[in-house]
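Notes follow the structure.
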Amino acid sequence: MAPLSAFETLAVTDRRPGFPMAFFVEVRLEGPLDRGRLETAVAAAAERHPRTRMRLGRRSGRRVWLPPDRSPVVEWWPLDRDRSAADPWRAFSLTTESGIRVVALERERPRPGPACWSVVLVVDHAVCDGLAGIEWLGDMWTLYHGGRPARFRDPGPRGARDEDPAGSTAAQPIAPSPPVAGSTRLARDSSTFALLRPTVLAPLPNRLRPATAAGLRPPYDTVEFDRHATRRLWTTAAASGVTVNDVVVAAAMRTVLGWNAAAGQRPRHVRINMPVSLRPAGARLPAGNHVGYAFLDRSVADCGEPVELVRSLAAASRWIQDTGAAAQFLHAVEALQRVPGLLWLLTRLPACLSSAVVSNVGNVGARMRADVPRVDGCDAPRDVRLTALVGVPPLRPRTRAAVGVMTYAGELRLSVMADEHSLGRGAAASLATQLRDAIADIAATIATTVPPDSPP
């Protein structure tokens with residue numbers, strides 16, 4: 001049995017109907033997906049990652065992870081199966097089942113053309129973070145192909161070492177860095193954070209009807225930049241001394257403000273929750289949560305100047321990475337845990353912690369690290385070819401939009417999940433389109449500030 005980390009405790013505590021604490025990673029592929037081979041690969045990948053086979057229990061009144069005794073479920077949905085009662089996106093019951101589910105969904109194929117599938121990894125965030133889920137997928141596709149995944153490696157303070165894949169030590173979460181400030185500073189920063197009230201996305205006048213059940217349609221919408229546009233975006237950001245993530249976060253802020261202006265709401269300041277990996281550089285670890293949160297606040301006036309906005313976000317992101325400031329969020333959760341019931345109470349308050357969450361994992365192919373052949377930049381295990389990867393983090397109450405950013409085979413894709421019960425049907429698709437346009441507009445603006453002789 002293993003205790004829950006601070007992040008896992010939050011993920012287990014912050015649960016309520018309509019808001020599963022789950023994230024999604026979708027792999028779109030072409031070719032004859034083999035059900036038996038997929039199920040075998042899923043089971044073998046889970047054996048390498050003990051947390052994906054654990055359930056929640058209690059010991060001395062505290063929640064703990066029980067020894068691995070469950071395997072992830074594979075749901076198989078060919079086109080000829082009755083889908084009327086399907087709910088593959090349902091919440092997990094972590095006391096009775098593994099917190100990971102693989103949904104194989106056949107899609108209409110182009111004619112003529114190969115079979116088309118989506119393999120969606122649904123993960124309860126208490127089990128692991130998004131980067132760990134992507135690495136788990138890399139192991140799964142390696143095993144599907146018939147290969148052997150790389151051994152785990154943690155180049156941490158104790159030096160580079162190989163871990164036993166089944167060892168309990170390897171399954172433990174990485175402890176966050178020591179606080180960058182004392183308890184007095186933490187209390188002061190928490191008070192300042194609580195006093196700032198970020199803009200909450202408001203329903204537009206023509207989007208007041210609640211959305212219908214999604215059925216087999218994933219609960220998010222995706223837009224993309226083709227390879228040429230993705231390359232242009234990357235080179236523009238690099239030449240300007242910023243990152244694509246800085247541009248995306250700036251675009252998310254301006255999209256939130258523009259959305260609320262269209263809804264007739266007077267915006268306040270905007271806050272973006274940006275998950276940040278706390279794992280050592282180059283680490284390859286069993287699935288777990290090695291993530292903290294950074295919150296980026298800007299005023300309406302700050303967002304009016306896109307170039308300065310992106311530059312300020314770039315400076316803030318560098319500071320967060322250099323200082324390990326995202327771990328402060330975990331220290332705050334640990335402090336709240338000391339008062340019984342306080343963490344539960346704070347998660348139930350009708351407060352908006354952030355206007356939106358933006359999670360960017362960058363080049364997902366390099367993160368996945370599947371040991372398989374490649375065709376035109378795409379992984380090709382056995383007789384299938386992975387054509388795209390998309391993903392989106394969990395959606396929380398009052399934080400009504402979640403944005404996932406992934407780049408695969410040279411193409412950047414944005415996936416948006418929205419609280420369509422509050423914002424109305426079609427909100428996710430509309431936000432995704434507006435966000436894509438905002439990214440293009442900001443990139444075009446900062447491109448005008450790049451000196452003509454700057455290297456590409």
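Labels used: A, B, ... for chains in the order of the structure tokens, numbers from 1 for residues in each chain, and numbers from 1 for ligands as shown.
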Practice item. Extract, using only C-alpha atoms, all DNA, RNA and protein residues at most 8 Å from Asp69 of chain A, discarding same-chain residues fewer than 3 positions from it, and format them as a list of chain:residue names. Key: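 Within the cut-off, the hits are A:Arg53, A:Met54, A:Arg55.
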Exercise for review: Could you tell me which of A:Ala85, A:Ala428, A:Cys352, A:Val223 comes closest to Val200 of chain A if we count only C-alpha atoms?
Suggested key: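 Ranking A:Ala85, A:Ala428, A:Cys352, A:Val223 by distance to Val200 of chain A, first place goes to A:Cys352.
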Review point. Between A:Val405, A:Ala287, A:Ala351, A:Ile446, which has the minimum distance to Glu305 of chain A (counting only C-alpha atoms)?
Key: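 When distances to Glu305 of chain A are compared using only C-alpha atoms, the smallest one comes from A:Ile446.
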Point to revise | Proximity to Leu196 of chain A - best of A:Ala402, A:Val270, A:Leu285, A:Ala326, only C-alpha atoms | key: A:Val270
Exercise for review: Name the residues of segment 356-411 of chain A that fall into helix (DSSP H, G or I) according to DSSP on the backbone, using the chain letters and numbers of this document, as a PyMOL selection string.
Suggested key: chain A and resi 364-368
Next, dump the selected residues to file, keeping only N, CA and C atoms, as an mmCIF file, in the first residue's frame.
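What follows is the written file out-v8.cif:
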data_model
loop_
_atom_site.group_PDB
_atom_site.id
_atom_site.type_symbol
_atom_site.label_atom_id
_atom_site.label_comp_id
_atom_site.auth_asym_id
_atom_site.auth_seq_id
_atom_site.Cartn_x
_atom_site.Cartn_y
_atom_site.Cartn_z
ATOM 1 N N VAL A 364 4.620 15.663 -28.942
ATOM 2 C CA VAL A 364 4.125 14.489 -28.243
ATOM 3 C C VAL A 364 4.785 13.209 -28.744
ATOM 4 N N GLY A 365 5.242 13.187 -29.999
ATOM 5 C CA GLY A 365 5.924 12.009 -30.489
ATOM 6 C C GLY A 365 7.203 11.738 -29.720
ATOM 7 N N ALA A 366 7.983 12.800 -29.463
ATOM 8 C CA ALA A 366 9.207 12.656 -28.684
ATOM 9 C C ALA A 366 8.897 12.299 -27.235
ATOM 10 N N ARG A 367 7.767 12.777 -26.717
ATOM 11 C CA ARG A 367 7.375 12.441 -25.348
ATOM 12 C C ARG A 367 6.928 10.983 -25.245
ATOM 13 N N MET A 368 6.210 10.521 -26.263
ATOM 14 C CA MET A 368 5.686 9.156 -26.249
ATOM 15 C C MET A 368 6.818 8.134 -26.382
#
Within 10 Å of Asn289 of chain A using only C-alpha atoms, minus same-chain residues under 2 positions, as a PDB file with N, CA and C atoms, in the first residue's frame:
ATOM      1  N   SER A   5      -0.095  11.240  -2.695  1.00  0.00           N
ATOM      2  CA  SER A   5       0.633  12.504  -2.679  1.00  0.00           C
ATOM      3  C   SER A   5      -0.368  13.649  -2.517  1.00  0.00           C
ATOM      4  N   ALA A   6       0.159  14.856  -2.337  1.00  0.00           N
ATOM      5  CA  ALA A   6      -0.714  16.023  -2.187  1.00  0.00           C
ATOM      6  C   ALA A   6      -1.587  16.211  -3.422  1.00  0.00           C
ATOM      7  N   PHE A   7      -0.988  16.077  -4.614  1.00  0.00           N
ATOM      8  CA  PHE A   7      -1.770  16.260  -5.835  1.00  0.00           C
ATOM      9  C   PHE A   7      -2.834  15.185  -5.960  1.00  0.00           C
ATOM     10  N   GLU A   8      -2.486  13.944  -5.639  1.00  0.00           N
ATOM     11  CA  GLU A   8      -3.450  12.850  -5.744  1.00  0.00           C
ATOM     12  C   GLU A   8      -4.581  13.024  -4.745  1.00  0.00           C
ATOM     13  N   ARG A  51       0.792   1.886 -10.861  1.00  0.00           N
ATOM     14  CA  ARG A  51      -0.302   2.774 -10.459  1.00  0.00           C
ATOM     15  C   ARG A  51      -1.533   2.603 -11.354  1.00  0.00           C
ATOM     16  N   HIS A 125      -7.147  11.573 -13.099  1.00  0.00           N
ATOM     17  CA  HIS A 125      -5.922  12.324 -12.792  1.00  0.00           C
ATOM     18  C   HIS A 125      -5.293  11.911 -11.477  1.00  0.00           C
ATOM     19  N   ALA A 126      -6.024  11.208 -10.620  1.00  0.00           N
ATOM     20  CA  ALA A 126      -5.406  10.702  -9.398  1.00  0.00           C
ATOM     21  C   ALA A 126      -4.364   9.636  -9.704  1.00  0.00           C
ATOM     22  N   VAL A 127      -4.484   8.994 -10.864  1.00  0.00           N
ATOM     23  CA  VAL A 127      -3.564   7.916 -11.232  1.00  0.00           C
ATOM     24  C   VAL A 127      -2.239   8.469 -11.735  1.00  0.00           C
ATOM     25  N   CYS A 128      -2.304   9.421 -12.685  1.00  0.00           N
ATOM     26  CA  CYS A 128      -1.066   9.966 -13.236  1.00  0.00           C
ATOM     27  C   CYS A 128      -1.360  11.261 -13.968  1.00  0.00           C
ATOM     28  N   ASP A 129      -0.300  11.970 -14.340  1.00  0.00           N
ATOM     29  CA  ASP A 129      -0.452  13.203 -15.102  1.00  0.00           C
ATOM     30  C   ASP A 129      -0.445  12.898 -16.600  1.00  0.00           C
ATOM     31  N   GLY A 130      -0.685  13.946 -17.400  1.00  0.00           N
ATOM     32  CA  GLY A 130      -0.807  13.753 -18.835  1.00  0.00           C
ATOM     33  C   GLY A 130       0.461  13.270 -19.492  1.00  0.00           C
ATOM     34  N   LEU A 131       1.614  13.765 -19.069  1.00  0.00           N
ATOM     35  CA  LEU A 131       2.870  13.328 -19.654  1.00  0.00           C
ATOM     36  C   LEU A 131       3.112  11.845 -19.378  1.00  0.00           C
ATOM     37  N   ALA A 132       2.785  11.410 -18.168  1.00  0.00           N
ATOM     38  CA  ALA A 132       2.914   9.979 -17.852  1.00  0.00           C
ATOM     39  C   ALA A 132       1.955   9.149 -18.701  1.00  0.00           C
ATOM     40  N   GLY A 133       0.746   9.674 -18.940  1.00  0.00           N
ATOM     41  CA  GLY A 133      -0.192   8.956 -19.791  1.00  0.00           C
ATOM     42  C   GLY A 133       0.323   8.805 -21.211  1.00  0.00           C
ATOM     43  N   ALA A 171       7.249   3.321  -8.323  1.00  0.00           N
ATOM     44  CA  ALA A 171       5.883   3.787  -8.509  1.00  0.00           C
ATOM     45  C   ALA A 171       5.550   4.994  -7.650  1.00  0.00           C
ATOM     46  N   GLN A 172       6.457   5.392  -6.783  1.00  0.00           N
ATOM     47  CA  GLN A 172       6.169   6.513  -5.898  1.00  0.00           C
ATOM     48  C   GLN A 172       6.317   7.841  -6.631  1.00  0.00           C
ATOM     49  N   PRO A 173       5.520   8.841  -6.268  1.00  0.00           N
ATOM     50  CA  PRO A 173       5.655  10.148  -6.905  1.00  0.00           C
ATOM     51  C   PRO A 173       6.933  10.837  -6.466  1.00  0.00           C
ATOM     52  N   ILE A 174       7.444  11.690  -7.324  1.00  0.00           N
ATOM     53  CA  ILE A 174       8.618  12.476  -6.978  1.00  0.00           C
ATOM     54  C   ILE A 174       8.230  13.538  -5.965  1.00  0.00           C
ATOM     55  N   SER A 277       5.417  20.336 -15.415  1.00  0.00           N
ATOM     56  CA  SER A 277       6.038  19.085 -15.007  1.00  0.00           C
ATOM     57  C   SER A 277       7.129  19.348 -13.972  1.00  0.00           C
ATOM     58  N   LEU A 278       7.159  18.521 -12.931  1.00  0.00           N
ATOM     59  CA  LEU A 278       8.183  18.621 -11.888  1.00  0.00           C
ATOM     60  C   LEU A 278       9.185  17.473 -11.953  1.00  0.00           C
ATOM     61  N   ARG A 279       9.109  16.663 -13.000  1.00  0.00           N
ATOM     62  CA  ARG A 279      10.028  15.532 -13.093  1.00  0.00           C
ATOM     63  C   ARG A 279      11.398  15.998 -13.565  1.00  0.00           C
ATOM     64  N   PRO A 286       7.727   5.222 -14.116  1.00  0.00           N
ATOM     65  CA  PRO A 286       6.401   4.617 -14.112  1.00  0.00           C
ATOM     66  C   PRO A 286       5.329   5.680 -13.919  1.00  0.00           C
ATOM     67  N   ALA A 287       4.130   5.417 -14.383  1.00  0.00           N
ATOM     68  CA  ALA A 287       3.052   6.397 -14.333  1.00  0.00           C
ATOM     69  C   ALA A 287       2.819   6.884 -12.912  1.00  0.00           C
ATOM     70  N   VAL A 291       3.537  16.689 -11.173  1.00  0.00           N
ATOM     71  CA  VAL A 291       3.093  17.923 -11.788  1.00  0.00           C
ATOM     72  C   VAL A 291       2.647  18.907 -10.718  1.00  0.00           C
ATOM     73  N   GLY A 292       2.883  20.188 -10.983  1.00  0.00           N
ATOM     74  CA  GLY A 292       2.359  21.264 -10.155  1.00  0.00           C
ATOM     75  C   GLY A 292       1.585  22.233 -11.026  1.00  0.00           C
TER      76      GLY A 292
END
Practice item. Would you mind telling me which residue in A:Pro373, A:Gly241, A:Pro267, A:Pro219 lies nearest to Gly426 of chain A when using only C-alpha atoms? Key: A:Pro219
